[in-house]
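run_14.txt, holding compact mmCIF, C-alpha atoms:
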# COMPACT_ATOMS: atom_id res chain seq x y z
CA MET F 1 120.43 78.87 36.59
CA PRO F 2 117.64 80.51 34.57
CA SER F 3 117.99 84.29 34.23
CA LYS F 4 114.44 84.80 35.49
CA ILE F 5 115.19 83.69 39.07
CA ARG F 6 114.40 86.65 41.32
CA ALA F 7 115.72 87.60 44.71
CA ILE F 8 114.98 90.50 46.99
CA ALA F 9 117.71 92.14 49.04
CA ILE F 10 116.93 94.21 52.12
CA ASP F 11 119.06 96.97 53.65
CA ASP F 12 118.38 99.98 55.83
CA GLY F 13 119.23 103.62 55.43
CA TYR F 14 121.27 105.96 57.56
CA PHE F 15 119.92 107.45 60.79
CA GLU F 16 121.29 109.68 63.54
CA LYS F 17 121.66 107.82 66.83
CA GLY F 18 119.62 109.44 69.55
CA LYS F 19 117.86 111.78 67.10
CA SER F 20 116.09 109.61 64.53
CA LYS F 21 113.08 107.50 65.44
CA THR F 22 112.90 105.72 62.07
CA THR F 23 114.85 105.11 58.90
CA LYS F 24 114.04 103.57 55.53
CA LEU F 25 114.06 99.85 54.92
CA ILE F 26 114.73 99.25 51.22
CA GLY F 27 114.08 96.12 49.18
CA ILE F 28 115.57 95.59 45.72
CA ILE F 29 114.10 92.91 43.47
CA CYS F 30 116.75 91.67 41.09
CA ARG F 31 117.01 88.82 38.60
CA SER F 32 120.04 86.56 38.51
CA ASP F 33 121.01 88.17 35.18
CA SER F 34 121.42 91.49 37.10
CA GLN F 35 118.19 93.06 35.85
CA VAL F 36 116.60 95.23 38.56
CA GLU F 37 112.85 94.77 38.48
CA GLY F 38 111.61 96.75 41.44
CA ILE F 39 112.26 98.73 44.57
CA LEU F 40 110.26 98.54 47.79
CA SER F 41 110.49 100.79 50.84
CA LYS F 42 109.06 100.97 54.30
CA ASP F 43 109.81 102.95 57.45
CA ILE F 44 111.44 100.95 60.24
CA GLU F 45 111.67 102.01 63.88
CA ILE F 46 115.12 102.37 65.40
CA ASP F 47 115.95 99.59 67.91
CA ALA F 48 112.45 98.05 67.82
CA LEU F 49 112.00 94.30 67.35
CA ASP F 50 109.65 94.21 64.38
CA ALA F 51 112.07 93.74 61.46
CA ALA F 52 110.78 90.24 60.63
CA ASP F 53 107.16 91.47 60.49
CA LEU F 54 108.07 94.50 58.38
CA ILE F 55 110.09 92.47 55.89
CA ALA F 56 107.40 89.78 55.67
CA ASN F 57 104.71 92.41 55.00
CA MET F 58 106.93 94.22 52.52
CA VAL F 59 107.43 91.04 50.50
CA LYS F 60 103.86 89.68 50.83
CA LYS F 61 102.20 92.94 49.77
CA SER F 62 104.51 93.43 46.80
CA LYS F 63 103.42 92.66 43.26
CA PHE F 64 106.60 90.55 43.12
CA SER F 65 105.62 88.30 46.05
CA ASP F 66 104.90 85.23 43.94
CA GLN F 67 108.10 85.66 41.89
CA VAL F 68 110.75 86.10 44.62
CA ARG F 69 112.64 82.84 45.17
CA TYR F 70 115.35 84.03 47.59
CA ILE F 71 115.79 86.74 50.20
CA PHE F 72 119.12 88.38 50.94
CA LEU F 73 119.44 90.37 54.14
CA SER F 74 122.29 92.82 54.53
CA GLY F 75 123.05 91.69 58.05
CA LEU F 76 120.77 90.42 60.79
CA ASN F 77 119.88 93.77 62.30
CA PHE F 78 118.43 96.91 60.80
CA ALA F 79 117.78 100.39 62.20
CA GLY F 80 120.30 99.93 64.97
CA PHE F 81 119.40 96.75 66.81
CA ASN F 82 116.05 95.92 65.24
CA ILE F 83 117.15 92.29 64.96
CA VAL F 84 115.43 89.97 62.50
CA ASP F 85 113.95 86.80 63.91
CA LEU F 86 115.21 84.68 61.03
CA GLN F 87 113.09 81.64 61.89
CA GLU F 88 109.94 83.74 62.19
CA LEU F 89 110.60 85.46 58.85
CA TYR F 90 111.18 82.13 57.13
CA SER F 91 108.03 80.63 58.63
CA LYS F 92 105.96 83.60 57.43
CA LEU F 93 107.31 83.62 53.86
CA LYS F 94 108.57 80.08 53.21
CA ILE F 95 111.31 81.61 51.03
CA PRO F 96 114.98 80.68 51.59
CA ILE F 97 116.91 83.49 53.31
CA ILE F 98 120.61 84.28 53.17
CA VAL F 99 122.06 86.86 55.57
CA ILE F 100 125.13 88.50 54.02
CA LEU F 101 127.89 89.89 56.23
CA LYS F 102 130.96 91.68 54.85
CA LYS F 103 133.02 90.81 57.90
CA LYS F 104 132.84 88.39 60.79
CA PRO F 105 130.73 89.88 63.58
CA ASP F 106 132.45 90.69 66.87
CA LEU F 107 130.03 88.99 69.26
CA HIS F 108 131.75 90.48 72.29
CA LYS F 109 131.15 94.03 71.03
CA ILE F 110 127.58 93.15 70.05
CA ASN F 111 126.89 91.73 73.53
CA LEU F 112 128.28 94.89 75.13
CA ALA F 113 126.12 97.11 72.91
CA LEU F 114 123.01 95.07 73.67
CA THR F 115 123.42 95.38 77.46
CA ARG F 116 121.73 98.81 77.28
CA PHE F 117 118.43 97.15 76.36
CA ALA F 118 116.02 95.88 79.01
CA ASP F 119 115.27 92.92 76.71
CA PHE F 120 118.96 92.07 76.28
CA ASP F 121 118.33 88.31 76.62
CA LYS F 122 115.69 88.31 73.88
CA ARG F 123 117.97 90.17 71.47
CA ILE F 124 120.89 87.83 72.17
CA ASP F 125 118.58 84.84 71.63
CA LEU F 126 117.57 86.21 68.22
CA ILE F 127 121.22 86.40 67.21
CA LYS F 128 121.88 82.87 68.47
CA LYS F 129 118.73 81.49 66.80
CA ALA F 130 119.95 82.79 63.43
CA GLY F 131 122.30 79.85 63.34
CA LYS F 132 125.79 79.04 62.27
CA LEU F 133 128.01 81.56 60.52
CA TYR F 134 129.56 80.31 57.27
CA SER F 135 132.31 81.81 55.14
CA TYR F 136 132.37 81.87 51.37
CA LYS F 137 135.06 83.61 49.36
CA LYS F 138 135.46 86.99 51.11
CA ILE F 139 132.12 87.20 52.91
CA TYR F 140 130.25 85.53 55.75
CA TYR F 141 126.67 84.37 55.70
CA GLN F 142 123.89 82.68 57.63
CA LYS F 143 121.05 80.84 55.98
CA ILE F 144 117.71 79.22 56.47
CA GLY F 145 115.61 77.17 54.04
CA LEU F 146 118.50 75.85 51.96
CA ASP F 147 121.70 73.88 52.52
CA ASP F 148 125.24 75.24 52.44
CA LYS F 149 125.94 74.18 48.85
CA GLN F 150 122.70 75.76 47.61
CA ALA F 151 123.40 78.98 49.54
CA GLN F 152 126.85 79.29 48.00
CA HIS F 153 125.41 78.62 44.54
CA ILE F 154 122.81 81.38 44.98
CA ILE F 155 125.37 83.82 46.39
CA GLY F 156 127.61 83.11 43.39
CA ALA F 157 124.75 83.40 40.89
CA PHE F 158 123.91 86.91 42.12
CA THR F 159 127.51 88.14 42.55
CA TYR F 160 129.00 89.99 39.57
CA THR F 161 131.24 92.98 40.31
CA SER F 162 132.23 92.69 43.97
CA ASN F 163 132.29 90.14 46.78
CA ILE F 164 128.73 91.04 47.72
CA PRO F 165 125.69 89.75 45.82
CA GLU F 166 124.47 92.49 43.47
CA PRO F 167 121.00 92.88 45.00
CA VAL F 168 122.60 93.49 48.43
CA ARG F 169 125.07 95.98 46.94
CA LEU F 170 122.25 97.85 45.19
CA ALA F 171 120.02 97.86 48.28
CA HIS F 172 122.84 99.47 50.24
CA ILE F 173 123.58 102.09 47.58
CA ILE F 174 119.91 103.05 47.24
CA ALA F 175 119.18 103.05 50.99
CA SER F 176 122.19 105.25 51.76
CA GLY F 177 121.45 107.53 48.80
CA LEU F 178 117.86 108.06 49.92
CA THR F 179 118.71 108.79 53.54
CA LEU F 180 122.02 110.65 53.16
CA GLY F 181 121.41 112.36 49.84
CA GLU F 182 124.37 110.49 48.37
CA SER F 183 125.19 106.79 48.28
CA THR F 184 128.02 105.22 50.25
CA ARG F 185 130.12 102.19 49.41
CA PRO F 186 128.67 98.85 50.45
Mind turning this structure into structure tokens?
Amino acid sequence: MPSKIRAIAIDDGYFEKGKSKTTKLIGIICRSDSQVEGILSKDIEIDALDAADLIANMVKKSKFSDQVRYIFLSGLNFAGFNIVDLQELYSKLKIPIIVILKKKPDLHKINLALTRFADFDKRIDLIKKAGKLYSYKKIYYQKIGLDDKQAQHIIGAFTYTSNIPEPVRLAHIIASGLTLGESTRP
């Protein structure tokens, strides 16, 4: 894979439940040779349902928009339960997306947590629409815009020092550092 292939990874910062109205959404543009080329940020509303729009606008308005070939999302939801409509995001950007999960989601616990929302059914549908959960090495992932073999190749190409692709690891470190004053482990 050429070293100039670029991906953006998205993660959110820390927020206090019940106190914060927004947190930071951070995007890290990274080449497959581990070179960081840019950082993007945007405020995201806690528990809203606009994550797909925010991410699409973040990428489209970036000077890197024509260079990014893959999108990594650190999970499917940001800022609490601001769940990404994966199909909508893909249709807006036409860039393959890989959702990275460190552990297998507990759908029972997620369903219980979502029952507090009036639009519970819509949020559950967004999770279901995201598609099948795959495992690769020590992580789980979902994908859109590429097949399983391609997704695993891209995950491997951007993974250097841990089980998590480097852009995702960096997005987490930067997002937590900006919102907590000190980074946490991904």
**Request:** Quick one: everything within 12 Å of Ser32 (chain F), counting all atoms listed in the file, minus sequence neighbours fewer than 3 positions away in the same chain. Send it as a ChimeraX atom specification.
**Result:** /F:1-8,29,35-37,68-70,153-160,165-167
**Request:** Record the distance separating CA of Ala79 (chain F) and CA of Asp50 (chain F), expressed in Å with one decimal.
**Result:** 10.4 Å
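For the point (109.2, 96.4, 70.3) in file coordinates, the residues within 12 Å, using only C-alpha atoms, are Ile44, Glu45, Ile46, Asp47, Ala48, Leu49, Asp50, Ala51, Ala52, Asp53, Phe81, Asn82, Ile83, Val84, Phe117, Ala118, Asp119, Lys122 and Arg123 of chain F.
Closest approach to Pro186 (chain F) from the set F:Ser91, F:Thr161, F:Gln150, F:Thr115 is made by F:Thr161, with distances taken over all atoms listed in the file.
Going from CA of Lys143 (chain F) over to CA of Gly177 (chain F), you cover 27.6 Å.
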**Nearest to Val59 (chain F) by atom-to-atom distance, counting all atoms listed in the file, from F:Arg31, F:Lys94, F:Lys137, F:Lys21** = F:Lys94
Polymer residues at most 6 Å from Ile28 (chain F), only C-alpha atoms, same-chain spacing of 3 or more positions, as an mmCIF file with C-alpha atoms, in the frame of the given file:
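Produced file result-v2.cif, reproduced below:
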data_model
loop_
_atom_site.group_PDB
_atom_site.id
_atom_site.type_symbol
_atom_site.label_atom_id
_atom_site.label_comp_id
_atom_site.auth_asym_id
_atom_site.auth_seq_id
_atom_site.Cartn_x
_atom_site.Cartn_y
_atom_site.Cartn_z
ATOM 1 C CA ILE F 8 114.980 90.500 46.990
ATOM 2 C CA ALA F 9 117.710 92.140 49.040
ATOM 3 C CA GLY F 38 111.610 96.750 41.440
ATOM 4 C CA ILE F 39 112.260 98.730 44.570
ATOM 5 C CA ALA F 171 120.020 97.860 48.280
#
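Each of F:Arg116, F:Lys138, F:Lys61, F:Lys129 was compared to Lys103 (chain F) using all atoms listed in the file, and F:Lys138 turns out to be the nearest.
Atom to atom, CA of Phe15 (chain F) and CA of Ser176 (chain F) stand 9.6 Å apart.
Near Ile10 (chain F), within 6 Å and counting all atoms listed in the file, sit Ile26, Gly27 and Leu73 of chain F, not including residues fewer than 5 positions from it in the same chain.
Nearest to Tyr140 (chain F) of all the residues F:Ile71, F:Asn77, F:Leu180, F:Ile98 is F:Ile98, counting all atoms listed in the file.
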Write a file for region 167-182 of chain F, containing all heavy atoms (output as a PDB file, in the first residue's frame).
ATOM      1  N   PRO F 167      -4.642   5.961  13.646  1.00  0.00           N
ATOM      2  CA  PRO F 167      -5.447   7.180  13.639  1.00  0.00           C
ATOM      3  C   PRO F 167      -6.539   7.180  14.717  1.00  0.00           C
ATOM      4  O   PRO F 167      -6.807   8.212  15.328  1.00  0.00           O
ATOM      5  CB  PRO F 167      -6.068   7.204  12.230  1.00  0.00           C
ATOM      6  CG  PRO F 167      -5.182   6.331  11.408  1.00  0.00           C
ATOM      7  CD  PRO F 167      -4.642   5.297  12.342  1.00  0.00           C
ATOM      8  N   VAL F 168      -7.132   6.030  14.991  1.00  0.00           N
ATOM      9  CA  VAL F 168      -8.168   5.921  16.022  1.00  0.00           C
ATOM     10  C   VAL F 168      -7.540   6.130  17.398  1.00  0.00           C
ATOM     11  O   VAL F 168      -8.082   6.840  18.251  1.00  0.00           O
ATOM     12  CB  VAL F 168      -8.897   4.559  15.948  1.00  0.00           C
ATOM     13  CG1 VAL F 168      -9.914   4.402  17.068  1.00  0.00           C
ATOM     14  CG2 VAL F 168      -9.558   4.380  14.590  1.00  0.00           C
ATOM     15  N   ARG F 169      -6.385   5.519  17.616  1.00  0.00           N
ATOM     16  CA  ARG F 169      -5.677   5.670  18.892  1.00  0.00           C
ATOM     17  C   ARG F 169      -5.329   7.135  19.131  1.00  0.00           C
ATOM     18  O   ARG F 169      -5.550   7.678  20.214  1.00  0.00           O
ATOM     19  CB  ARG F 169      -4.411   4.803  18.878  1.00  0.00           C
ATOM     20  CG  ARG F 169      -3.711   4.670  20.216  1.00  0.00           C
ATOM     21  CD  ARG F 169      -2.462   3.804  20.088  1.00  0.00           C
ATOM     22  NE  ARG F 169      -1.358   4.563  19.538  1.00  0.00           N
ATOM     23  CZ  ARG F 169      -0.607   5.420  20.241  1.00  0.00           C
ATOM     24  NH1 ARG F 169      -0.853   5.632  21.510  1.00  0.00           N
ATOM     25  NH2 ARG F 169       0.390   6.065  19.663  1.00  0.00           N
ATOM     26  N   LEU F 170      -4.818   7.802  18.109  1.00  0.00           N
ATOM     27  CA  LEU F 170      -4.446   9.212  18.236  1.00  0.00           C
ATOM     28  C   LEU F 170      -5.664  10.110  18.443  1.00  0.00           C
ATOM     29  O   LEU F 170      -5.616  11.054  19.235  1.00  0.00           O
ATOM     30  CB  LEU F 170      -3.663   9.662  17.008  1.00  0.00           C
ATOM     31  CG  LEU F 170      -2.270   9.074  16.860  1.00  0.00           C
ATOM     32  CD1 LEU F 170      -1.683   9.435  15.501  1.00  0.00           C
ATOM     33  CD2 LEU F 170      -1.360   9.527  17.986  1.00  0.00           C
ATOM     34  N   ALA F 171      -6.753   9.827  17.742  1.00  0.00           N
ATOM     35  CA  ALA F 171      -7.970  10.626  17.913  1.00  0.00           C
ATOM     36  C   ALA F 171      -8.458  10.536  19.352  1.00  0.00           C
ATOM     37  O   ALA F 171      -8.863  11.538  19.953  1.00  0.00           O
ATOM     38  CB  ALA F 171      -9.061  10.165  16.936  1.00  0.00           C
ATOM     39  N   HIS F 172      -8.389   9.354  19.930  1.00  0.00           N
ATOM     40  CA  HIS F 172      -8.811   9.184  21.322  1.00  0.00           C
ATOM     41  C   HIS F 172      -7.895   9.957  22.271  1.00  0.00           C
ATOM     42  O   HIS F 172      -8.371  10.661  23.172  1.00  0.00           O
ATOM     43  CB  HIS F 172      -8.830   7.706  21.715  1.00  0.00           C
ATOM     44  CG  HIS F 172      -9.166   7.521  23.155  1.00  0.00           C
ATOM     45  ND1 HIS F 172     -10.460   7.550  23.616  1.00  0.00           N
ATOM     46  CD2 HIS F 172      -8.370   7.373  24.239  1.00  0.00           C
ATOM     47  CE1 HIS F 172     -10.450   7.405  24.927  1.00  0.00           C
ATOM     48  NE2 HIS F 172      -9.192   7.293  25.331  1.00  0.00           N
ATOM     49  N   ILE F 173      -6.605   9.818  22.087  1.00  0.00           N
ATOM     50  CA  ILE F 173      -5.641  10.498  22.964  1.00  0.00           C
ATOM     51  C   ILE F 173      -5.838  12.013  22.905  1.00  0.00           C
ATOM     52  O   ILE F 173      -5.866  12.694  23.930  1.00  0.00           O
ATOM     53  CB  ILE F 173      -4.197  10.106  22.576  1.00  0.00           C
ATOM     54  CG1 ILE F 173      -3.930   8.661  23.000  1.00  0.00           C
ATOM     55  CG2 ILE F 173      -3.179  11.056  23.199  1.00  0.00           C
ATOM     56  CD1 ILE F 173      -2.629   8.089  22.461  1.00  0.00           C
ATOM     57  N   ILE F 174      -5.993  12.545  21.712  1.00  0.00           N
ATOM     58  CA  ILE F 174      -6.136  13.997  21.553  1.00  0.00           C
ATOM     59  C   ILE F 174      -7.490  14.472  22.093  1.00  0.00           C
ATOM     60  O   ILE F 174      -7.564  15.465  22.809  1.00  0.00           O
ATOM     61  CB  ILE F 174      -5.904  14.404  20.094  1.00  0.00           C
ATOM     62  CG1 ILE F 174      -4.424  14.165  19.740  1.00  0.00           C
ATOM     63  CG2 ILE F 174      -6.298  15.859  19.847  1.00  0.00           C
ATOM     64  CD1 ILE F 174      -4.091  14.237  18.284  1.00  0.00           C
ATOM     65  N   ALA F 175      -8.556  13.751  21.781  1.00  0.00           N
ATOM     66  CA  ALA F 175      -9.891  14.151  22.262  1.00  0.00           C
ATOM     67  C   ALA F 175      -9.952  14.137  23.783  1.00  0.00           C
ATOM     68  O   ALA F 175     -10.477  15.071  24.401  1.00  0.00           O
ATOM     69  CB  ALA F 175     -10.966  13.235  21.674  1.00  0.00           C
ATOM     70  N   SER F 176      -9.406  13.101  24.404  1.00  0.00           N
ATOM     71  CA  SER F 176      -9.442  13.055  25.870  1.00  0.00           C
ATOM     72  C   SER F 176      -8.513  14.100  26.470  1.00  0.00           C
ATOM     73  O   SER F 176      -8.844  14.728  27.479  1.00  0.00           O
ATOM     74  CB  SER F 176      -9.104  11.648  26.388  1.00  0.00           C
ATOM     75  OG  SER F 176      -7.791  11.264  26.051  1.00  0.00           O
ATOM     76  N   GLY F 177      -7.363  14.333  25.850  1.00  0.00           N
ATOM     77  CA  GLY F 177      -6.443  15.355  26.346  1.00  0.00           C
ATOM     78  C   GLY F 177      -7.043  16.751  26.285  1.00  0.00           C
ATOM     79  O   GLY F 177      -6.882  17.545  27.213  1.00  0.00           O
ATOM     80  N   LEU F 178      -7.752  17.048  25.213  1.00  0.00           N
ATOM     81  CA  LEU F 178      -8.372  18.368  25.073  1.00  0.00           C
ATOM     82  C   LEU F 178      -9.508  18.599  26.051  1.00  0.00           C
ATOM     83  O   LEU F 178      -9.716  19.704  26.519  1.00  0.00           O
ATOM     84  CB  LEU F 178      -8.901  18.558  23.649  1.00  0.00           C
ATOM     85  CG  LEU F 178      -7.863  18.839  22.577  1.00  0.00           C
ATOM     86  CD1 LEU F 178      -8.509  18.823  21.198  1.00  0.00           C
ATOM     87  CD2 LEU F 178      -7.169  20.167  22.827  1.00  0.00           C
ATOM     88  N   THR F 179     -10.274  17.568  26.346  1.00  0.00           N
ATOM     89  CA  THR F 179     -11.455  17.750  27.185  1.00  0.00           C
ATOM     90  C   THR F 179     -11.226  17.434  28.661  1.00  0.00           C
ATOM     91  O   THR F 179     -11.966  17.913  29.501  1.00  0.00           O
ATOM     92  CB  THR F 179     -12.633  16.896  26.644  1.00  0.00           C
ATOM     93  OG1 THR F 179     -12.218  15.544  26.542  1.00  0.00           O
ATOM     94  CG2 THR F 179     -13.089  17.410  25.287  1.00  0.00           C
ATOM     95  N   LEU F 180     -10.204  16.648  28.973  1.00  0.00           N
ATOM     96  CA  LEU F 180      -9.896  16.328  30.370  1.00  0.00           C
ATOM     97  C   LEU F 180      -8.655  17.056  30.881  1.00  0.00           C
ATOM     98  O   LEU F 180      -8.413  17.075  32.080  1.00  0.00           O
ATOM     99  CB  LEU F 180      -9.654  14.810  30.528  1.00  0.00           C
ATOM    100  CG  LEU F 180     -10.879  13.916  30.453  1.00  0.00           C
ATOM    101  CD1 LEU F 180     -10.458  12.455  30.396  1.00  0.00           C
ATOM    102  CD2 LEU F 180     -11.776  14.162  31.649  1.00  0.00           C
ATOM    103  N   GLY F 181      -7.876  17.594  29.967  1.00  0.00           N
ATOM    104  CA  GLY F 181      -6.618  18.224  30.363  1.00  0.00           C
ATOM    105  C   GLY F 181      -5.461  17.242  30.364  1.00  0.00           C
ATOM    106  O   GLY F 181      -4.305  17.621  30.511  1.00  0.00           O
ATOM    107  N   GLU F 182      -5.767  15.966  30.187  1.00  0.00           N
ATOM    108  CA  GLU F 182      -4.756  14.921  30.143  1.00  0.00           C
ATOM    109  C   GLU F 182      -5.346  13.754  29.369  1.00  0.00           C
ATOM    110  O   GLU F 182      -6.521  13.412  29.537  1.00  0.00           O
ATOM    111  CB  GLU F 182      -4.401  14.490  31.563  1.00  0.00           C
ATOM    112  CG  GLU F 182      -3.348  13.427  31.639  1.00  0.00           C
ATOM    113  CD  GLU F 182      -2.950  13.093  33.079  1.00  0.00           C
ATOM    114  OE1 GLU F 182      -3.741  13.349  34.016  1.00  0.00           O
ATOM    115  OE2 GLU F 182      -1.851  12.562  33.262  1.00  0.00           O
TER     116      GLU F 182
END
